[in-house]
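Novice: This is the structure I have questions about; it appears just below.
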Amino acid sequence: MVRDMMSGNESFQLAATARVSFLLSTENPPIDVVIQSGVVPHFVRFLIEQYGFQHKLYSVSALYAIGKGSLEQAVAVIKHGAIPMFIRLLCCSEECYQLKELVAAALGSLANQSPDFRDYVLQFGTLTPLLSLLDNHLEPPMLHEKITLLRACSNTLAIVCQGNPAPSFNQIRSALPILRRLIHLNPPVGVIGDVFEDACLCLSYLSNGSAEQIQALIDADVCARLVMLLGFSDGKIVEHVLRTVGNIFKGVDSQIQILINNGVFFCFNAILMHGSNSSVLGKTCSAIPTLTARGRNQMQVGIYYGFV
């Protein structure tokens, strides 16, 4: 297979790339063996324009599998220049959605390795094509036809928004308009629900910053939507929203007042009185003292709404 991949015969190259890609998709993929064979640079080489769709698809699939391995194995993907080639594929005008979906997932797997890998992935301008793909496919019928592509993009977006230390807010500020649209997806069930959950997860990460950062992220429309989502039946989404609300409680008074005006405390009361999800109950109980710790006035508000 290695000999065929290194040959000048494109048919041999394609067949060998497909076989190696299949090996890497098995339950215990021989990642180290593949890396040691020296074929990773050839996977990257097959991503250039002169090679066909199948060459690219099998090569991205193989690189994705390697990037999901250990940190040391993922280094082999990065050091041979895969990330710029991934970005080029995301930006190409051809409607090769299956390939773009796989590329988005591959970038997410690399960014998920460590904060340093995440920052390295972001340095190449990964957000721009990701956000463009999301923006161009959020309206019917594209929303439903390309939903798995949106899911891959939203999952990678959620990955690059998290980590300790957190990414620079300036690096991900451009994602805010798209996130505001994603949290209004309806109905938030199935794969659309997964995209929706990714957006809520992003907000929970990005709101965990300075008061200025929270103010840039959260507007009146977002506050109103967050309060509405507290009554949602999906426990994971409610947990993400509760984390975001708790972070807003650390921010500026004007945003807190918007939450109050939209009935956030009535939602808290409903959760405390009728909720059965222990994690949701715990996060609700954590959010309340974040507010009451701000001062006597906020403590009186808590008493007024019956939290005691």
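Labels used: A, B, ... for chains in the order of the structure tokens, numbers from 1 for residues in each chain, and numbers from 1 for ligands as shown.
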List as a short mmCIF file (atom, residue, chain, number, x, y, z; two decimals) with C-alpha atoms, in the first residue's frame the protein and nucleic acid residues near Cys153 of chain A, meaning an atom at most 9 Å away when only C-alpha atoms are counted, but skip any in the same chain fewer than 4 places from it.
Specialist:
data_model
loop_
_atom_site.label_atom_id
_atom_site.label_comp_id
_atom_site.auth_asym_id
_atom_site.auth_seq_id
_atom_site.Cartn_x
_atom_site.Cartn_y
_atom_site.Cartn_z
CA GLU A 101 -18.15 18.06 6.72
CA ALA A 104 -14.65 20.52 9.78
CA ALA A 105 -14.66 17.43 12.00
CA GLY A 108 -12.26 19.95 15.58
CA LEU A 130 -16.70 27.67 9.47
CA LEU A 131 -18.89 30.69 10.18
CA LEU A 133 -20.75 27.63 6.08
CA LEU A 134 -23.05 28.06 9.07
CA THR A 148 -24.87 17.11 9.15
CA LEU A 149 -22.45 19.68 7.69
CA LEU A 157 -17.04 25.91 16.88
CA ALA A 158 -17.91 24.65 20.37
CA VAL A 195 -26.46 22.26 16.59
#
Novice: Leaving out Cys96 of chain A and any residue of its chain fewer than 6 positions from it, which residues lie within 10 Å of it when counting only C-alpha atoms, given as a ChimeraX atom specification?
Specialist: /A:53,57,89-90
Novice: May I have the residues within 12 Å of Thr26 of chain A as a list of chain:residue names, using only C-alpha atoms and disregarding those fewer than 5 positions away in the same chain?
Specialist: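 Those residues are A:Arg19, A:Val20, A:Ser21, A:Ile31, A:Ala62, A:Ala65, A:Ile66.
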Novice: Ranking A:Ala152, A:Leu24, A:Val75, A:Met1 by minimum distance to His42 of chain A and counting only C-alpha atoms, which one comes first?
Specialist: A:Met1
Novice: Given the choices A:Pro167, A:Pro140, A:Cys223, A:Ile147, which gets closest to Gly190 of chain A if the distance is worked out from only C-alpha atoms?
Specialist: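 Closest residue, counting only C-alpha atoms: A:Ile147.
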Novice: What's around segment 255-266 of chain A at 10 Å? Count only C-alpha atoms, leave out sequence neighbours fewer than 5 positions away in its own chain, and write the answer as number ranges by chain.
Specialist: A: 214-215, 218-228, 230-231, 245-246, 248-250, 271-272, 288, 291, 301-302, 304-307
Novice: Need the shell around segment 198-212 of chain A: protein/DNA/RNA residues with any atom at most 10 Å away, counting only C-alpha atoms. Skip same-chain ones fewer than 6 positions apart. Format as a compact mmCIF listing (two decimals) with all heavy atoms, in the first residue's frame?
Specialist:
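Listed below is the output, part23.txt:
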# COMPACT_ATOMS: atom_id res chain seq x y z
N ARG A 151 -23.81 20.46 11.68
CA ARG A 151 -23.47 19.83 12.96
C ARG A 151 -21.96 19.73 13.12
O ARG A 151 -21.42 20.02 14.21
CB ARG A 151 -24.09 18.43 13.01
CG ARG A 151 -23.65 17.58 14.19
CD ARG A 151 -24.01 18.20 15.51
NE ARG A 151 -23.75 17.28 16.60
CZ ARG A 151 -23.16 17.59 17.75
NH1 ARG A 151 -22.76 18.82 17.97
NH2 ARG A 151 -22.98 16.69 18.68
N CYS A 153 -19.72 21.68 11.75
CA CYS A 153 -19.21 23.04 11.94
C CYS A 153 -19.51 23.56 13.33
O CYS A 153 -18.65 24.17 13.98
CB CYS A 153 -19.80 23.98 10.90
SG CYS A 153 -19.25 23.67 9.20
N SER A 154 -20.73 23.32 13.82
CA SER A 154 -21.10 23.82 15.15
C SER A 154 -20.32 23.09 16.25
O SER A 154 -19.95 23.69 17.26
CB SER A 154 -22.61 23.67 15.39
OG SER A 154 -22.99 22.31 15.50
N ASN A 155 -20.05 21.80 16.04
CA ASN A 155 -19.28 21.05 17.03
C ASN A 155 -17.85 21.57 17.11
O ASN A 155 -17.29 21.73 18.20
CB ASN A 155 -19.29 19.57 16.68
CG ASN A 155 -18.60 18.73 17.73
OD1 ASN A 155 -19.01 18.70 18.89
ND2 ASN A 155 -17.54 18.04 17.34
N THR A 156 -17.24 21.85 15.95
CA THR A 156 -15.89 22.41 15.93
C THR A 156 -15.88 23.80 16.54
O THR A 156 -14.94 24.17 17.27
CB THR A 156 -15.35 22.43 14.49
OG1 THR A 156 -15.24 21.08 14.03
CG2 THR A 156 -13.97 23.09 14.43
N LEU A 157 -16.93 24.58 16.28
CA LEU A 157 -17.04 25.91 16.88
C LEU A 157 -17.09 25.80 18.40
O LEU A 157 -16.42 26.58 19.11
CB LEU A 157 -18.29 26.62 16.36
CG LEU A 157 -18.56 28.03 16.88
CD1 LEU A 157 -17.40 28.96 16.55
CD2 LEU A 157 -19.86 28.57 16.29
N ALA A 158 -17.84 24.85 18.92
CA ALA A 158 -17.91 24.65 20.37
C ALA A 158 -16.55 24.26 20.94
O ALA A 158 -16.18 24.69 22.04
CB ALA A 158 -18.96 23.59 20.70
N ILE A 159 -15.80 23.46 20.19
CA ILE A 159 -14.48 23.01 20.66
C ILE A 159 -13.51 24.19 20.76
O ILE A 159 -12.79 24.33 21.74
CB ILE A 159 -13.92 21.92 19.73
CG1 ILE A 159 -14.71 20.61 19.93
CG2 ILE A 159 -12.44 21.68 20.00
CD1 ILE A 159 -14.38 19.55 18.90
N VAL A 160 -13.50 25.07 19.74
CA VAL A 160 -12.53 26.17 19.75
C VAL A 160 -12.92 27.26 20.74
O VAL A 160 -12.11 28.14 21.03
CB VAL A 160 -12.32 26.77 18.34
CG1 VAL A 160 -11.79 25.73 17.38
CG2 VAL A 160 -13.60 27.40 17.80
N CYS A 161 -14.16 27.22 21.25
CA CYS A 161 -14.59 28.22 22.24
C CYS A 161 -14.24 27.80 23.67
O CYS A 161 -14.39 28.60 24.60
CB CYS A 161 -16.10 28.45 22.15
SG CYS A 161 -16.61 29.43 20.73
N GLN A 162 -13.80 26.57 23.87
CA GLN A 162 -13.56 26.08 25.22
C GLN A 162 -12.08 25.87 25.48
O GLN A 162 -11.25 26.04 24.59
CB GLN A 162 -14.33 24.78 25.44
CG GLN A 162 -13.92 23.64 24.51
CD GLN A 162 -14.74 22.39 24.73
OE1 GLN A 162 -14.54 21.66 25.70
NE2 GLN A 162 -15.70 22.15 23.84
N GLY A 163 -11.78 25.46 26.70
CA GLY A 163 -10.40 25.15 27.07
C GLY A 163 -9.93 25.97 28.25
O GLY A 163 -10.51 26.99 28.60
N ALA A 166 -8.80 29.78 28.47
CA ALA A 166 -9.78 30.04 27.41
C ALA A 166 -9.11 30.72 26.23
O ALA A 166 -8.07 31.37 26.38
CB ALA A 166 -10.90 30.92 27.96
N PRO A 167 -9.69 30.58 25.05
CA PRO A 167 -9.12 31.29 23.89
C PRO A 167 -9.30 32.80 24.06
O PRO A 167 -10.17 33.26 24.80
CB PRO A 167 -9.96 30.78 22.72
CG PRO A 167 -11.26 30.35 23.34
CD PRO A 167 -10.89 29.81 24.68
N SER A 168 -8.48 33.55 23.38
CA SER A 168 -8.61 35.00 23.39
C SER A 168 -9.98 35.39 22.83
O SER A 168 -10.39 34.88 21.79
CB SER A 168 -7.51 35.64 22.54
OG SER A 168 -7.81 36.97 22.22
N PHE A 169 -10.67 36.28 23.55
CA PHE A 169 -12.00 36.68 23.09
C PHE A 169 -11.94 37.32 21.71
O PHE A 169 -12.85 37.17 20.90
CB PHE A 169 -12.63 37.65 24.11
CG PHE A 169 -14.06 37.99 23.80
CD1 PHE A 169 -15.04 37.01 23.78
CD2 PHE A 169 -14.43 39.29 23.54
CE1 PHE A 169 -16.36 37.31 23.50
CE2 PHE A 169 -15.75 39.62 23.26
CZ PHE A 169 -16.72 38.62 23.24
N ILE A 172 -12.35 34.88 18.82
CA ILE A 172 -13.64 34.24 18.55
C ILE A 172 -14.81 35.22 18.56
O ILE A 172 -15.96 34.81 18.43
CB ILE A 172 -13.90 33.11 19.58
CG1 ILE A 172 -13.64 33.62 21.00
CG2 ILE A 172 -13.05 31.91 19.30
CD1 ILE A 172 -13.81 32.57 22.05
N ARG A 173 -14.51 36.51 18.69
CA ARG A 173 -15.58 37.52 18.71
C ARG A 173 -16.44 37.45 17.44
O ARG A 173 -17.65 37.71 17.50
CB ARG A 173 -14.95 38.91 18.83
CG ARG A 173 -15.94 40.05 18.87
CD ARG A 173 -15.23 41.39 18.83
NE ARG A 173 -14.51 41.66 20.06
CZ ARG A 173 -15.05 42.31 21.10
NH1 ARG A 173 -16.30 42.74 21.03
NH2 ARG A 173 -14.33 42.53 22.18
N ALA A 175 -17.66 35.09 16.00
CA ALA A 175 -18.68 34.03 16.04
C ALA A 175 -19.99 34.51 16.67
O ALA A 175 -21.02 33.83 16.56
CB ALA A 175 -18.15 32.83 16.83
N LEU A 176 -20.00 35.66 17.33
CA LEU A 176 -21.17 36.09 18.10
C LEU A 176 -22.44 36.22 17.26
O LEU A 176 -23.50 35.74 17.68
CB LEU A 176 -20.87 37.41 18.83
CG LEU A 176 -19.67 37.38 19.81
CD1 LEU A 176 -19.60 38.68 20.60
CD2 LEU A 176 -19.75 36.19 20.74
N ILE A 178 -23.41 34.68 14.59
CA ILE A 178 -23.90 33.35 14.23
C ILE A 178 -24.49 32.64 15.45
O ILE A 178 -25.54 32.00 15.37
CB ILE A 178 -22.78 32.49 13.62
CG1 ILE A 178 -22.37 33.04 12.26
CG2 ILE A 178 -23.21 31.03 13.49
CD1 ILE A 178 -23.46 32.99 11.22
N LEU A 179 -23.84 32.77 16.60
CA LEU A 179 -24.35 32.13 17.82
C LEU A 179 -25.72 32.68 18.18
O LEU A 179 -26.60 31.93 18.62
CB LEU A 179 -23.37 32.34 18.98
CG LEU A 179 -22.05 31.58 18.89
CD1 LEU A 179 -21.13 31.97 20.03
CD2 LEU A 179 -22.30 30.08 18.91
N ARG A 180 -25.91 33.97 17.99
CA ARG A 180 -27.22 34.57 18.30
C ARG A 180 -28.30 34.01 17.39
O ARG A 180 -29.47 33.90 17.79
CB ARG A 180 -27.13 36.10 18.16
CG ARG A 180 -26.23 36.75 19.21
CD ARG A 180 -26.30 38.27 19.14
NE ARG A 180 -25.39 38.88 20.11
CZ ARG A 180 -24.33 39.60 19.79
NH1 ARG A 180 -24.04 39.81 18.52
NH2 ARG A 180 -23.55 40.11 20.72
N ARG A 181 -27.93 33.67 16.15
CA ARG A 181 -28.90 33.05 15.24
C ARG A 181 -29.14 31.58 15.59
O ARG A 181 -30.28 31.10 15.53
CB ARG A 181 -28.41 33.17 13.80
CG ARG A 181 -28.41 34.58 13.24
CD ARG A 181 -27.90 34.61 11.81
NE ARG A 181 -28.77 33.87 10.91
CZ ARG A 181 -28.45 33.54 9.67
NH1 ARG A 181 -27.24 33.86 9.19
NH2 ARG A 181 -29.29 32.87 8.91
N LEU A 182 -28.08 30.89 15.96
CA LEU A 182 -28.20 29.46 16.23
C LEU A 182 -29.11 29.16 17.42
O LEU A 182 -29.81 28.15 17.44
CB LEU A 182 -26.82 28.84 16.46
CG LEU A 182 -25.90 28.71 15.25
CD1 LEU A 182 -24.55 28.16 15.66
CD2 LEU A 182 -26.52 27.82 14.18
N ILE A 183 -29.09 30.04 18.43
CA ILE A 183 -29.92 29.75 19.61
C ILE A 183 -31.40 30.02 19.35
O ILE A 183 -32.23 29.78 20.23
CB ILE A 183 -29.45 30.54 20.86
CG1 ILE A 183 -29.61 32.05 20.65
CG2 ILE A 183 -28.04 30.17 21.25
CD1 ILE A 183 -29.40 32.85 21.93
N HIS A 184 -31.72 30.49 18.14
CA HIS A 184 -33.12 30.67 17.76
C HIS A 184 -33.59 29.60 16.79
O HIS A 184 -34.70 29.70 16.24
CB HIS A 184 -33.32 32.06 17.14
CG HIS A 184 -33.36 33.16 18.15
ND1 HIS A 184 -32.21 33.78 18.61
CD2 HIS A 184 -34.39 33.75 18.81
CE1 HIS A 184 -32.54 34.71 19.49
NE2 HIS A 184 -33.85 34.71 19.64
N LEU A 185 -32.77 28.56 16.57
CA LEU A 185 -33.20 27.47 15.70
C LEU A 185 -34.45 26.82 16.28
O LEU A 185 -34.57 26.65 17.50
CB LEU A 185 -32.09 26.42 15.56
CG LEU A 185 -30.93 26.75 14.64
CD1 LEU A 185 -29.91 25.62 14.69
CD2 LEU A 185 -31.40 26.98 13.21
N ILE A 192 -30.76 19.09 14.47
CA ILE A 192 -30.90 20.54 14.69
C ILE A 192 -30.73 20.84 16.17
O ILE A 192 -30.11 21.84 16.56
CB ILE A 192 -32.26 21.05 14.17
CG1 ILE A 192 -32.32 20.93 12.66
CG2 ILE A 192 -32.49 22.50 14.59
CD1 ILE A 192 -33.64 21.39 12.05
N ILE A 218 -23.78 39.31 25.21
CA ILE A 218 -25.19 39.15 25.56
C ILE A 218 -25.95 40.45 25.35
O ILE A 218 -25.64 41.47 25.97
CB ILE A 218 -25.34 38.71 27.04
CG1 ILE A 218 -24.46 37.48 27.34
CG2 ILE A 218 -26.79 38.44 27.38
CD1 ILE A 218 -24.87 36.22 26.62
N VAL A 222 -30.84 38.08 23.36
CA VAL A 222 -30.24 36.84 23.87
C VAL A 222 -30.74 36.56 25.28
O VAL A 222 -31.08 35.41 25.62
CB VAL A 222 -28.71 36.92 23.84
CG1 VAL A 222 -28.09 35.72 24.56
CG2 VAL A 222 -28.19 36.99 22.41
N LEU A 226 -32.64 33.20 26.47
CA LEU A 226 -32.09 32.34 27.52
C LEU A 226 -33.15 32.03 28.58
O LEU A 226 -33.27 30.89 29.03
CB LEU A 226 -30.89 33.02 28.18
CG LEU A 226 -29.62 33.14 27.33
CD1 LEU A 226 -28.57 33.98 28.06
CD2 LEU A 226 -29.05 31.78 26.98
N LEU A 229 -35.52 29.49 27.35
CA LEU A 229 -34.93 28.15 27.27
C LEU A 229 -34.83 27.46 28.63
O LEU A 229 -34.66 26.25 28.69
CB LEU A 229 -33.54 28.24 26.64
CG LEU A 229 -33.50 28.63 25.16
CD1 LEU A 229 -32.07 28.80 24.68
CD2 LEU A 229 -34.23 27.60 24.31
N LYS A 236 -29.62 18.93 29.14
CA LYS A 236 -28.29 19.42 28.77
C LYS A 236 -28.33 20.87 28.34
O LYS A 236 -27.47 21.68 28.71
CB LYS A 236 -27.69 18.55 27.65
CG LYS A 236 -27.25 17.17 28.10
CD LYS A 236 -26.58 16.43 26.96
CE LYS A 236 -26.08 15.06 27.40
NZ LYS A 236 -25.43 14.32 26.30
N ILE A 237 -29.35 21.20 27.53
CA ILE A 237 -29.48 22.58 27.08
C ILE A 237 -29.74 23.50 28.26
O ILE A 237 -29.15 24.59 28.37
CB ILE A 237 -30.60 22.69 26.02
CG1 ILE A 237 -30.13 22.04 24.72
CG2 ILE A 237 -31.00 24.15 25.78
CD1 ILE A 237 -31.17 22.01 23.62
N VAL A 238 -30.61 23.09 29.17
CA VAL A 238 -30.91 23.91 30.35
C VAL A 238 -29.66 24.11 31.20
O VAL A 238 -29.42 25.20 31.72
CB VAL A 238 -32.04 23.28 31.19
CG1 VAL A 238 -32.28 24.08 32.47
CG2 VAL A 238 -33.34 23.22 30.38
N GLU A 239 -28.82 23.08 31.31
CA GLU A 239 -27.57 23.22 32.06
C GLU A 239 -26.67 24.28 31.44
O GLU A 239 -26.10 25.12 32.15
CB GLU A 239 -26.83 21.88 32.10
CG GLU A 239 -27.43 20.85 33.04
CD GLU A 239 -26.61 19.58 33.06
OE1 GLU A 239 -25.37 19.68 33.11
OE2 GLU A 239 -27.20 18.49 33.01
N HIS A 240 -26.52 24.24 30.12
CA HIS A 240 -25.69 25.25 29.44
C HIS A 240 -26.25 26.65 29.67
O HIS A 240 -25.50 27.60 29.92
CB HIS A 240 -25.62 24.97 27.93
CG HIS A 240 -25.06 23.62 27.58
ND1 HIS A 240 -24.10 22.99 28.34
CD2 HIS A 240 -25.33 22.79 26.53
CE1 HIS A 240 -23.80 21.83 27.77
NE2 HIS A 240 -24.53 21.69 26.69
N VAL A 241 -27.57 26.78 29.58
CA VAL A 241 -28.21 28.08 29.76
C VAL A 241 -28.02 28.57 31.19
O VAL A 241 -27.75 29.76 31.43
CB VAL A 241 -29.71 28.00 29.40
CG1 VAL A 241 -30.43 29.30 29.77
CG2 VAL A 241 -29.89 27.70 27.91
N LEU A 242 -28.14 27.67 32.15
CA LEU A 242 -27.95 28.06 33.55
C LEU A 242 -26.53 28.55 33.81
O LEU A 242 -26.32 29.51 34.57
CB LEU A 242 -28.27 26.88 34.48
CG LEU A 242 -29.76 26.61 34.72
CD1 LEU A 242 -29.95 25.26 35.40
CD2 LEU A 242 -30.38 27.71 35.58
N ARG A 243 -25.55 27.90 33.18
CA ARG A 243 -24.17 28.37 33.33
C ARG A 243 -24.02 29.77 32.76
O ARG A 243 -23.36 30.64 33.34
CB ARG A 243 -23.20 27.41 32.64
CG ARG A 243 -22.77 26.24 33.50
CD ARG A 243 -21.51 25.58 32.94
NE ARG A 243 -21.78 24.97 31.65
CZ ARG A 243 -22.16 23.70 31.48
NH1 ARG A 243 -22.34 22.94 32.53
NH2 ARG A 243 -22.36 23.22 30.26
N THR A 244 -24.67 30.00 31.60
CA THR A 244 -24.59 31.33 30.99
C THR A 244 -25.27 32.37 31.86
O THR A 244 -24.72 33.47 32.08
CB THR A 244 -25.25 31.31 29.60
OG1 THR A 244 -24.62 30.30 28.80
CG2 THR A 244 -25.11 32.66 28.90
N VAL A 245 -26.44 32.05 32.39
CA VAL A 245 -27.16 32.99 33.26
C VAL A 245 -26.34 33.28 34.51
O VAL A 245 -26.23 34.44 34.95
CB VAL A 245 -28.55 32.42 33.64
CG1 VAL A 245 -29.19 33.24 34.76
CG2 VAL A 245 -29.46 32.38 32.42
N GLY A 246 -25.73 32.25 35.09
CA GLY A 246 -24.87 32.46 36.25
C GLY A 246 -23.71 33.38 35.94
O GLY A 246 -23.32 34.21 36.76
N ASN A 247 -23.15 33.24 34.73
CA ASN A 247 -22.06 34.13 34.33
C ASN A 247 -22.55 35.57 34.14
O ASN A 247 -21.84 36.52 34.47
CB ASN A 247 -21.42 33.62 33.03
CG ASN A 247 -20.64 32.33 33.23
OD1 ASN A 247 -20.14 32.07 34.32
ND2 ASN A 247 -20.53 31.54 32.19
N ILE A 248 -23.76 35.72 33.60
CA ILE A 248 -24.32 37.07 33.42
C ILE A 248 -24.52 37.74 34.77
O ILE A 248 -24.36 38.96 34.91
CB ILE A 248 -25.65 37.01 32.64
CG1 ILE A 248 -25.40 36.50 31.21
CG2 ILE A 248 -26.33 38.38 32.59
CD1 ILE A 248 -26.67 36.24 30.42
N PHE A 249 -24.85 36.94 35.77
CA PHE A 249 -25.03 37.49 37.13
C PHE A 249 -23.74 38.10 37.68
O PHE A 249 -23.77 38.86 38.63
CB PHE A 249 -25.52 36.40 38.09
CG PHE A 249 -26.98 36.08 37.94
CD1 PHE A 249 -27.51 34.93 38.52
CD2 PHE A 249 -27.84 36.90 37.25
CE1 PHE A 249 -28.85 34.62 38.40
CE2 PHE A 249 -29.19 36.61 37.11
CZ PHE A 249 -29.70 35.46 37.70
N LYS A 250 -22.60 37.76 37.06
CA LYS A 250 -21.33 38.35 37.47
C LYS A 250 -21.05 39.64 36.69
O LYS A 250 -20.05 40.32 36.95
CB LYS A 250 -20.18 37.37 37.21
CG LYS A 250 -20.31 36.02 37.89
CD LYS A 250 -19.21 35.08 37.42
CE LYS A 250 -19.41 33.66 37.91
NZ LYS A 250 -18.38 32.73 37.37
N GLY A 251 -21.90 39.94 35.71
CA GLY A 251 -21.66 41.06 34.81
C GLY A 251 -22.26 42.36 35.28
O GLY A 251 -22.23 42.69 36.47
N VAL A 252 -22.86 43.09 34.34
CA VAL A 252 -23.36 44.44 34.65
C VAL A 252 -24.83 44.38 35.04
O VAL A 252 -25.59 43.49 34.63
CB VAL A 252 -23.17 45.38 33.44
CG1 VAL A 252 -21.69 45.54 33.13
CG2 VAL A 252 -23.90 44.86 32.21
Novice: For each of A:Gln50, A:Asn112, A:Ser93, A:Gln36, take the minimum atom-to-atom distance to Gly69 of chain A, counting only C-alpha atoms, then give the residue where this is smallest.
Specialist: A:Asn112
Novice: Sort by chain and increasing residue number a table of all residues of segment 20-85 of chain A within 12 Å of segment 7-10 of chain A, each with its closest pair of atoms and their distance in Å to one decimal, counting only C-alpha atoms, and write it as CSV.
Specialist:
residue,atom,partner,partner_atom,distance
A:Val39,CA,A:Ser7,CA,11.7
A:His42,CA,A:Ser7,CA,10.5
A:Phe46,CA,A:Glu10,CA,10.0
A:Gln50,CA,A:Glu10,CA,10.8
A:Tyr51,CA,A:Glu10,CA,8.5
A:Gly52,CA,A:Glu10,CA,9.5
A:Gln54,CA,A:Glu10,CA,10.9
A:His55,CA,A:Glu10,CA,8.8
Novice: Have a look at A:Tyr64, A:Gln300, A:Asn136, A:Gly235 and name the one nearest to Ser278 of chain A; count only C-alpha atoms.
Specialist: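 Among the listed residues, A:Gly235 lies closest to Ser278 of chain A.
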Novice: So what do you get for atom CA of Glu94 of chain A versus atom CA of Thr128 of chain A, distance-wise?
Specialist: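 Computing it gives 16.9 Å between the two atoms.
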